[in-house]
$ cat run-v4.cif   # mmCIF, C-alpha atoms
data_data
loop_
_atom_site.label_atom_id
_atom_site.label_comp_id
_atom_site.auth_asym_id
_atom_site.auth_seq_id
_atom_site.Cartn_x
_atom_site.Cartn_y
_atom_site.Cartn_z
CA MET A 1 3.26 9.62 -17.86
CA GLU A 2 6.25 9.32 -15.54
CA PHE A 3 8.96 11.85 -14.82
CA GLU A 4 12.59 11.38 -13.88
CA ILE A 5 14.31 13.25 -11.04
CA THR A 6 17.97 13.00 -10.09
CA GLY A 7 18.74 11.62 -6.65
CA LYS A 8 20.67 14.75 -5.76
CA ASP A 9 17.78 17.09 -6.62
CA LEU A 10 15.24 14.98 -4.75
CA PHE A 11 17.52 14.70 -1.70
CA ASN A 12 18.04 18.46 -1.57
CA TRP A 13 14.31 19.10 -1.75
CA TYR A 14 13.65 16.42 0.87
CA GLN A 15 15.97 18.18 3.33
CA SER A 16 14.18 21.47 2.76
CA ALA A 17 10.76 19.82 3.09
CA LYS A 18 11.79 18.20 6.39
CA ARG A 19 12.66 21.62 7.78
CA ASP A 20 9.24 22.86 6.70
CA CYS A 21 7.66 19.93 8.56
CA LEU A 22 9.47 20.76 11.76
CA ASN A 23 8.64 24.46 11.49
CA ASN A 24 4.95 23.73 10.88
CA LYS A 25 4.53 20.83 13.35
CA ILE A 26 3.82 18.26 10.65
CA ASN A 27 5.03 14.72 11.25
CA ILE A 28 7.88 13.82 8.92
CA SER A 29 6.25 10.42 8.41
CA GLU A 30 3.70 12.24 6.24
CA LEU A 31 6.48 13.61 4.03
CA ASN A 32 7.99 10.14 3.78
CA LEU A 33 4.61 8.69 2.77
CA PHE A 34 4.23 11.44 0.18
CA ILE A 35 7.56 10.56 -1.44
CA ILE A 36 7.05 6.79 -1.21
CA GLU A 37 3.61 6.99 -2.83
CA LEU A 38 4.58 9.37 -5.62
CA THR A 39 8.11 8.18 -6.50
CA SER A 40 9.93 4.87 -6.93
CA LEU A 41 11.74 5.27 -3.59
CA ASN A 42 10.81 3.09 -0.62
CA LYS A 43 11.01 3.48 3.14
CA LEU A 44 14.46 1.93 3.32
CA ASN A 45 15.81 4.35 0.71
CA LEU A 46 14.74 7.27 2.87
CA GLN A 47 16.14 5.72 6.03
CA LEU A 48 19.54 5.00 4.50
CA ASN A 49 19.75 8.05 2.23
CA ASN A 50 21.15 5.71 -0.40
CA TYR A 51 19.54 7.34 -3.42
CA GLN A 52 21.52 10.60 -3.61
CA ASN A 53 23.78 9.40 -6.39
CA GLN A 54 21.07 7.86 -8.52
CA GLU A 55 20.94 9.44 -11.94
CA SER A 56 17.23 8.85 -12.29
CA ILE A 57 14.31 8.29 -9.90
CA ASN A 58 10.87 7.70 -11.36
CA SER A 59 8.12 10.02 -10.20
CA LYS A 60 4.46 10.55 -10.99
CA PHE A 61 5.19 14.29 -11.20
CA SER A 62 8.08 16.61 -11.96
CA LEU A 63 10.05 17.86 -8.97
CA ASP A 64 8.51 21.31 -9.43
CA LYS A 65 5.03 19.77 -9.33
CA LEU A 66 5.88 17.67 -6.27
CA GLU A 67 7.01 20.82 -4.48
CA LYS A 68 3.78 22.63 -5.36
CA ILE A 69 1.62 19.74 -4.21
CA TRP A 70 3.51 19.35 -0.93
CA ASN A 71 3.28 23.10 -0.36
CA LEU A 72 -0.50 22.62 -0.04
CA ARG A 73 0.18 20.48 3.03
CA ILE A 74 2.29 23.25 4.57
CA THR A 75 0.35 26.37 3.63
CA LYS A 76 -3.23 25.09 3.30
CA ARG A 77 -3.05 22.15 5.74
CA CYS A 78 -4.48 19.90 3.05
CA PRO A 79 -4.65 16.29 4.32
CA ILE A 80 -1.92 14.03 3.00
CA GLN A 81 -4.52 11.53 1.74
CA TYR A 82 -5.98 14.11 -0.63
CA LEU A 83 -2.51 15.10 -1.83
CA ILE A 84 -1.62 11.56 -2.86
CA GLY A 85 -5.21 10.73 -3.81
CA GLU A 86 -5.31 7.51 -1.79
CA CYS A 87 -6.05 6.19 1.68
CA HIS A 88 -5.04 2.81 3.09
CA TRP A 89 -7.98 1.20 4.90
CA ARG A 90 -8.13 -2.45 5.98
CA ASN A 91 -6.92 -4.42 2.95
CA PHE A 92 -7.70 -1.66 0.50
CA THR A 93 -5.97 1.32 -1.04
CA LEU A 94 -8.93 3.56 -1.75
CA LYS A 95 -9.14 6.54 -4.02
CA VAL A 96 -10.09 9.65 -2.05
CA THR A 97 -10.74 13.25 -3.06
CA PRO A 98 -12.21 16.22 -1.17
CA ASP A 99 -15.62 14.89 -2.30
CA VAL A 100 -15.39 12.10 0.28
CA LEU A 101 -14.57 11.84 3.96
CA ILE A 102 -11.18 10.24 4.57
CA PRO A 103 -11.85 6.76 6.04
CA ARG A 104 -10.54 6.56 9.61
CA PRO A 105 -8.72 3.59 11.15
CA GLU A 106 -11.29 3.27 13.94
CA THR A 107 -14.06 2.74 11.39
CA GLU A 108 -12.32 -0.47 10.29
CA LEU A 109 -13.70 -2.12 13.44
CA ILE A 110 -17.24 -1.85 12.11
CA ILE A 111 -16.53 -4.76 9.75
CA ASP A 112 -15.19 -6.87 12.61
CA LEU A 113 -18.28 -6.12 14.68
CA ALA A 114 -20.53 -7.23 11.83
CA SER A 115 -18.59 -10.49 11.58
CA GLU A 116 -18.80 -11.11 15.32
CA ILE A 117 -22.53 -10.46 15.52
CA THR A 118 -23.43 -12.67 12.57
CA PHE A 119 -21.57 -15.56 14.20
CA ASN A 120 -24.71 -16.11 16.28
CA TYR A 121 -27.07 -15.25 13.40
CA SER A 122 -25.39 -17.18 10.59
CA HIS A 123 -28.43 -17.01 8.29
CA LEU A 124 -27.93 -13.25 8.03
CA LYS A 125 -24.53 -13.65 6.35
CA THR A 126 -26.13 -14.29 2.97
CA GLY A 127 -28.63 -11.44 3.12
CA ASN A 128 -28.78 -7.91 1.78
CA PHE A 129 -26.63 -5.34 3.59
CA LEU A 130 -27.12 -1.57 3.53
CA ASP A 131 -24.37 1.04 3.92
CA LEU A 132 -25.88 4.48 4.42
CA GLY A 133 -23.67 7.47 3.61
CA THR A 134 -21.08 5.33 1.86
CA GLY A 135 -18.66 8.13 0.90
CA SER A 136 -15.57 6.47 -0.57
CA GLY A 137 -17.30 3.09 -0.37
CA ALA A 138 -14.92 1.86 2.35
CA ILE A 139 -17.51 0.15 4.53
CA ALA A 140 -19.40 -1.31 1.58
CA LEU A 141 -16.21 -2.84 0.20
CA GLY A 142 -15.20 -4.09 3.64
CA LEU A 143 -18.57 -5.84 3.96
CA ALA A 144 -18.32 -7.29 0.46
CA GLU A 145 -14.93 -8.77 1.32
CA ALA A 146 -15.97 -10.14 4.72
CA PHE A 147 -19.31 -11.53 3.53
CA PRO A 148 -18.74 -13.09 0.09
CA ASN A 149 -22.32 -14.36 -0.17
CA SER A 150 -24.00 -11.05 0.61
CA TYR A 151 -25.25 -8.25 -1.61
CA ILE A 152 -24.58 -4.67 -0.54
CA TYR A 153 -26.56 -1.52 -1.26
CA ALA A 154 -24.51 1.65 -0.76
CA VAL A 155 -26.33 4.99 -0.54
CA ASP A 156 -25.02 8.54 -0.66
CA LYS A 157 -26.62 11.89 -1.45
CA SER A 158 -23.44 13.10 -3.19
CA LYS A 159 -23.11 12.07 -6.82
CA SER A 160 -19.42 12.98 -6.69
CA ALA A 161 -18.87 10.67 -3.72
CA LEU A 162 -20.70 7.82 -5.43
CA LYS A 163 -18.47 8.19 -8.47
CA ILE A 164 -15.40 7.72 -6.26
CA ALA A 165 -17.02 4.77 -4.48
CA GLN A 166 -17.85 3.09 -7.80
CA GLU A 167 -14.25 3.46 -8.95
CA ASN A 168 -13.06 1.82 -5.73
CA ALA A 169 -15.53 -1.04 -6.11
CA LEU A 170 -14.43 -1.61 -9.71
CA LYS A 171 -10.76 -1.64 -8.67
CA TYR A 172 -11.36 -4.54 -6.29
CA GLY A 173 -13.86 -6.45 -8.41
CA PHE A 174 -16.93 -5.79 -6.26
CA GLU A 175 -18.96 -3.93 -8.88
CA SER A 176 -21.34 -6.89 -9.34
CA ARG A 177 -22.05 -7.21 -5.60
CA VAL A 178 -22.34 -3.57 -4.56
CA LYS A 179 -25.20 -1.47 -5.89
CA PHE A 180 -24.68 2.27 -5.51
CA CYS A 181 -27.77 4.40 -5.00
CA HIS A 182 -28.02 8.18 -5.14
CA GLY A 183 -30.21 9.91 -2.59
CA SER A 184 -30.73 10.78 1.06
CA TRP A 185 -30.63 7.88 3.51
CA PHE A 186 -33.52 5.48 2.78
CA ASP A 187 -35.10 7.44 -0.07
CA PRO A 188 -33.44 5.50 -2.95
CA ILE A 189 -34.33 2.09 -1.50
CA ASN A 190 -37.79 2.87 -0.12
CA ASP A 191 -39.24 -0.13 -1.97
CA LEU A 192 -36.94 -2.53 -0.09
CA LYS A 193 -38.53 -2.42 3.34
CA ASN A 194 -37.84 -5.35 5.66
CA SER A 195 -35.16 -6.56 3.23
CA PHE A 196 -31.86 -6.00 5.03
CA SER A 197 -29.98 -8.28 7.38
CA LEU A 198 -27.63 -5.45 8.30
CA ILE A 199 -27.79 -1.68 8.18
CA VAL A 200 -24.56 0.10 8.94
CA SER A 201 -23.70 3.78 8.87
CA ASN A 202 -20.97 6.19 9.81
CA PRO A 203 -23.26 9.24 9.79
CA PRO A 204 -22.44 12.89 10.52
CA TYR A 205 -22.26 13.02 14.32
CA ILE A 206 -20.25 16.11 15.25
CA PRO A 207 -22.24 19.05 16.74
CA SER A 208 -22.37 21.99 14.33
CA GLN A 209 -20.42 24.36 16.58
CA MET A 210 -17.74 21.74 17.21
CA VAL A 211 -17.25 21.24 13.46
CA LEU A 212 -16.08 24.85 13.23
CA GLU A 213 -13.49 24.17 15.93
CA LEU A 214 -11.93 21.11 14.29
CA GLU A 215 -8.36 21.13 13.01
CA PRO A 216 -7.95 22.94 9.65
CA GLU A 217 -7.18 19.66 7.86
CA VAL A 218 -10.76 18.61 8.58
CA VAL A 219 -12.89 21.74 8.67
CA ASN A 220 -11.26 23.36 5.64
CA HIS A 221 -10.99 20.32 3.39
CA GLU A 222 -13.29 17.41 4.23
CA PRO A 223 -16.96 17.56 3.14
CA LYS A 224 -18.99 19.31 5.84
CA ILE A 225 -22.05 17.28 4.87
CA ALA A 226 -20.26 14.17 6.19
CA LEU A 227 -19.31 15.82 9.50
CA ASP A 228 -22.10 18.09 10.73
CA GLY A 229 -24.67 16.20 12.80
CA GLY A 230 -26.76 19.22 13.75
CA GLU A 231 -26.93 21.20 16.96
CA ASP A 232 -26.23 18.23 19.27
CA GLY A 233 -24.62 15.95 16.69
CA LEU A 234 -27.49 13.47 16.88
CA LYS A 235 -29.86 14.65 14.14
CA ASP A 236 -29.03 11.93 11.64
CA ILE A 237 -28.50 9.28 14.30
CA ARG A 238 -32.05 9.87 15.56
CA TYR A 239 -33.39 9.57 12.02
CA LEU A 240 -31.54 6.31 11.40
CA ILE A 241 -32.65 4.77 14.68
CA GLU A 242 -36.27 5.73 13.99
CA ASN A 243 -36.40 4.45 10.41
CA SER A 244 -34.07 1.44 10.32
CA PRO A 245 -36.62 -1.00 11.84
CA ASN A 246 -38.77 -0.47 8.74
CA PHE A 247 -35.97 -1.83 6.56
CA LEU A 248 -34.52 -4.60 8.71
CA VAL A 249 -35.59 -8.25 8.68
CA LYS A 250 -36.41 -9.85 12.04
CA ASP A 251 -33.16 -10.16 13.99
CA GLY A 252 -31.48 -7.91 11.46
CA PHE A 253 -29.06 -5.54 13.11
CA LEU A 254 -28.12 -1.89 13.03
CA ILE A 255 -24.56 -0.69 13.63
CA LEU A 256 -23.90 3.04 13.95
CA GLU A 257 -20.57 4.74 14.39
CA ILE A 258 -20.89 7.50 16.98
CA MET A 259 -18.73 10.21 18.49
CA ALA A 260 -16.87 9.48 21.71
CA GLY A 261 -19.11 10.57 24.56
CA GLN A 262 -22.40 9.90 22.77
CA GLY A 263 -22.64 6.27 23.83
CA LYS A 264 -25.11 6.53 26.71
CA ILE A 265 -27.38 8.95 24.86
CA VAL A 266 -27.52 6.76 21.74
CA GLU A 267 -28.06 3.66 23.87
CA ASN A 268 -31.08 5.35 25.44
CA LEU A 269 -32.40 6.41 22.03
CA LEU A 270 -32.31 2.78 20.88
CA LYS A 271 -34.06 1.60 24.06
CA GLU A 272 -36.73 4.29 23.87
CA ASN A 273 -37.51 3.36 20.27
CA GLY A 274 -38.80 -0.02 21.39
CA SER A 275 -37.92 -1.88 18.19
CA TYR A 276 -34.45 -3.10 19.21
CA LYS A 277 -33.04 -5.75 21.52
CA ASN A 278 -29.50 -6.73 22.59
CA ILE A 279 -28.58 -3.06 22.60
CA LYS A 280 -25.00 -2.31 23.44
CA ILE A 281 -22.21 0.19 22.98
CA GLU A 282 -18.87 -1.03 21.68
CA TYR A 283 -15.53 0.67 22.24
CA ASP A 284 -12.63 1.32 19.87
CA LEU A 285 -8.99 0.38 20.49
CA ALA A 286 -8.47 3.64 22.38
CA GLY A 287 -11.22 2.69 24.83
CA LEU A 288 -13.68 5.29 23.50
CA ASP A 289 -17.37 4.59 22.95
CA ARG A 290 -17.48 4.32 19.16
CA PHE A 291 -20.32 2.06 17.97
CA ALA A 292 -23.96 1.51 18.88
CA ILE A 293 -25.64 -1.80 18.07
CA GLY A 294 -29.26 -2.87 18.13
CA ILE A 295 -31.06 -5.94 16.75
CA ALA A 296 -34.54 -5.52 15.27
CA THR A 297 -37.27 -7.28 17.25
CA THR A 298 -39.92 -7.25 14.51
CA PRO A 299 -39.90 -6.86 10.71
#
$ encode --input "run-v4.cif" --output "structure tokens"
Amino acid sequence: MEFEITGKDLFNWYQSAKRDCLNNKINISELNLFIIELTSLNKLNLQLNNYQNQESINSKFSLDKLEKIWNLRITKRCPIQYLIGECHWRNFTLKVTPDVLIPRPETELIIDLASEITFNYSHLKTGNFLDLGTGSGAIALGLAEAFPNSYIYAVDKSKSALKIAQENALKYGFESRVKFCHGSWFDPINDLKNSFSLIVSNPPYIPSQMVLELEPEVVNHEPKIALDGGEDGLKDIRYLIENSPNFLVKDGFLILEIMAGQGKIVENLLKENGSYKNIKIEYDLAGLDRFAIGIATTP
């Protein structure tokens, strides 16, 4: 169902909402995105203010409802992605709710890293891939798009998150190539040892105390289970490093997203394990250590 709002009424509310943004240190670009996503206006309309005299502007909600939803951004610091129900990530517009972590731009590089690594191991491109802690399904869908001859298993312990991920896979036609599995880490695919060319994960990696100190948009709204990596932030990373060799084929590779500053520690964990070669830390576009990579030496 669509609603109609007059240009004058929407313009008047927009001016008021902009003042709220300035008073609460919220970037006006978020308000613009909110309006563009939920009404028929576009970026140029907002720049030129050329809609004020329109008798009717289509909207997904009534003006009163739009105001109430936007007020959650001001008063509750609810992330804009949850308010509009979508997040743009690589070539996708993914459904997101508070049941899933909002996919970050830096995580997009994990797909590029997988493509670069398999350039030298071309036989791995047609294998089984494993996305652990899939959340919205972003990484699994990115892999499905980049590797059209692969089959992806996507695991998450949250049934609610898997439901969102399945909807996203269906939207982009990947439902036949991505199998979603409910459970903790390797538990749902324990019978698939030494079966995966690639294991990738963006696990919880923030130290427990630091989670409590994050901005309210994160700590008060995003799922804590996807953020809290234990006392030092490395609990799940240690587990994945220890157990991944049991599920990788020879020369299969592990890619982990890590927190900036964890690079050297995670590199040492991979070396100490003894089951990885070609270990390296990759950096994001901001120059921060962001990914750890290791290739399995034995199946």
$ atom_distance --input "run-v4.cif" --atom1 "atom CA of A:Asn91" --atom2 "atom CA of A:Asn149"
18.6 Å
$ closest_residue --input "run-v4.cif" --among "A:Leu269, A:Ile152, A:Ile255, A:Ile110" --to "A:Thr126" --atoms "all atoms listed in the file"
A:Ile152
$ resolve_selection --input "run-v4.cif" --expression "the PyMOL selection byres ((chain A and resi 47) around 12)" --output "PyMOL selection string"
chain A and resi 11+28-29+32+36+41-46+48-51
$ residues_around --input "run-v4.cif" --residues "A:Arg290" --least-positions-apart "3" --cutoff "8 Å" --atoms "only C-alpha atoms" --output "list of chain:residue names"
A:Glu257, A:Ile258, A:Met259, A:Ala260, A:Gly263, A:Ile281, A:Glu282, A:Tyr283, A:Asp284
$ closest_residue --input "run-v4.cif" --among "A:Glu30, A:Glu267, A:Glu55, A:Asp99" --to "A:Lys8" --atoms "all atoms listed in the file"
A:Glu55
$ closest_residue --input "run-v4.cif" --among "A:Met1, A:Leu143, A:Val96, A:Cys87" --to "A:Lys163" --atoms "all atoms listed in the file"
A:Val96
$ closest_residue --input "run-v4.cif" --among "A:Asn23, A:Asn190, A:Ser208, A:Ser197" --to "A:Ile225" --atoms "all atoms listed in the file"
A:Ser208
$ atom_distance --input "run-v4.cif" --atom1 "atom CA of A:Leu130" --atom2 "atom CA of A:Ile199"
4.7 Å
$ resolve_selection --input "run-v4.cif" --expression "the PyMOL selection byres ((chain A and resi 79) around 10)" --output "ChimeraX atom specification"
/A:30,72-74,76-78,80-85,98,102,216-218,220-222
$ atom_distance --input "run-v4.cif" --atom1 "atom CA of A:Thr97" --atom2 "atom CA of A:Ser201"
20.0 Å
$ residues_around --input "run-v4.cif" --residues "A:Glu86" --least-positions-apart "6" --cutoff "7 Å" --atoms "all atoms listed in the file" --output "number ranges by chain"
A: 93-96
$ closest_residue --input "run-v4.cif" --among "A:Gly142, A:Gly252, A:Gly233, A:Pro188" --to "A:Gln209" --atoms "only C-alpha atoms"
A:Gly233
$ resolve_selection --input "run-v4.cif" --expression "the PyMOL selection byres ((chain A and resi 156) around 8)" --output "list of chain:residue names"
A:Leu132, A:Gly133, A:Thr134, A:Gly135, A:Ala154, A:Val155, A:Lys157, A:Ser158, A:Lys159, A:Ala161, A:Leu162, A:Phe180, A:Cys181, A:His182, A:Gly183, A:Ser184, A:Trp185
$ closest_residue --input "run-v4.cif" --among "A:Ile206, A:Ile69, A:Ala17, A:Leu240" --to "A:Lys224" --atoms "all atoms listed in the file"
A:Ile206
$ residues_near_point --input "run-v4.cif" --point "(8.2, 4.8, -9.9)" --cutoff "8 Å" --atoms "all atoms listed in the file" --output "list in words"
Glu2, Leu38, Thr39, Ser40, Leu41, Ile57, Asn58, Ser59 and Lys60 of chain A
$ residues_around --input "run-v4.cif" --residues "A:Asp9" --least-positions-apart "5" --cutoff "9 Å" --atoms "all atoms listed in the file" --output "PyMOL selection string"
chain A and resi 14+52+63
$ decode --input "run-v4.cif" --residues "stretch 108-119 of chain A" --atoms "N, CA and C atoms" --output "mmCIF file, in the first residue's frame"
data_model
loop_
_atom_site.group_PDB
_atom_site.id
_atom_site.type_symbol
_atom_site.label_atom_id
_atom_site.label_comp_id
_atom_site.auth_asym_id
_atom_site.auth_seq_id
_atom_site.Cartn_x
_atom_site.Cartn_y
_atom_site.Cartn_z
ATOM 1 N N GLU A 108 33.281 -5.742 2.373
ATOM 2 C CA GLU A 108 33.167 -6.020 0.944
ATOM 3 C C GLU A 108 34.480 -6.550 0.372
ATOM 4 N N LEU A 109 35.609 -6.116 0.958
ATOM 5 C CA LEU A 109 36.921 -6.503 0.441
ATOM 6 C C LEU A 109 37.194 -7.993 0.591
ATOM 7 N N ILE A 110 36.455 -8.658 1.452
ATOM 8 C CA ILE A 110 36.689 -10.080 1.681
ATOM 9 C C ILE A 110 36.405 -10.875 0.406
ATOM 10 N N ILE A 111 35.457 -10.417 -0.394
ATOM 11 C CA ILE A 111 35.147 -11.082 -1.659
ATOM 12 C C ILE A 111 36.283 -10.866 -2.649
ATOM 13 N N ASP A 112 36.831 -9.673 -2.686
ATOM 14 C CA ASP A 112 37.949 -9.378 -3.576
ATOM 15 C C ASP A 112 39.184 -10.195 -3.198
ATOM 16 N N LEU A 113 39.420 -10.349 -1.902
ATOM 17 C CA LEU A 113 40.550 -11.159 -1.454
ATOM 18 C C LEU A 113 40.398 -12.608 -1.900
ATOM 19 N N ALA A 114 39.182 -13.142 -1.781
ATOM 20 C CA ALA A 114 38.941 -14.514 -2.211
ATOM 21 C C ALA A 114 39.221 -14.669 -3.700
ATOM 22 N N SER A 115 38.822 -13.683 -4.483
ATOM 23 C CA SER A 115 39.055 -13.730 -5.930
ATOM 24 C C SER A 115 40.549 -13.664 -6.247
ATOM 25 N N GLU A 116 41.267 -12.818 -5.534
ATOM 26 C CA GLU A 116 42.705 -12.690 -5.776
ATOM 27 C C GLU A 116 43.450 -13.973 -5.424
ATOM 28 N N ILE A 117 43.106 -14.572 -4.303
ATOM 29 C CA ILE A 117 43.811 -15.772 -3.858
ATOM 30 C C ILE A 117 43.564 -16.932 -4.801
ATOM 31 N N THR A 118 42.326 -17.105 -5.236
ATOM 32 C CA THR A 118 42.011 -18.244 -6.100
ATOM 33 C C THR A 118 42.582 -18.088 -7.497
ATOM 34 N N PHE A 119 43.110 -16.914 -7.824
ATOM 35 C CA PHE A 119 43.760 -16.735 -9.121
ATOM 36 C C PHE A 119 44.926 -17.709 -9.266
#
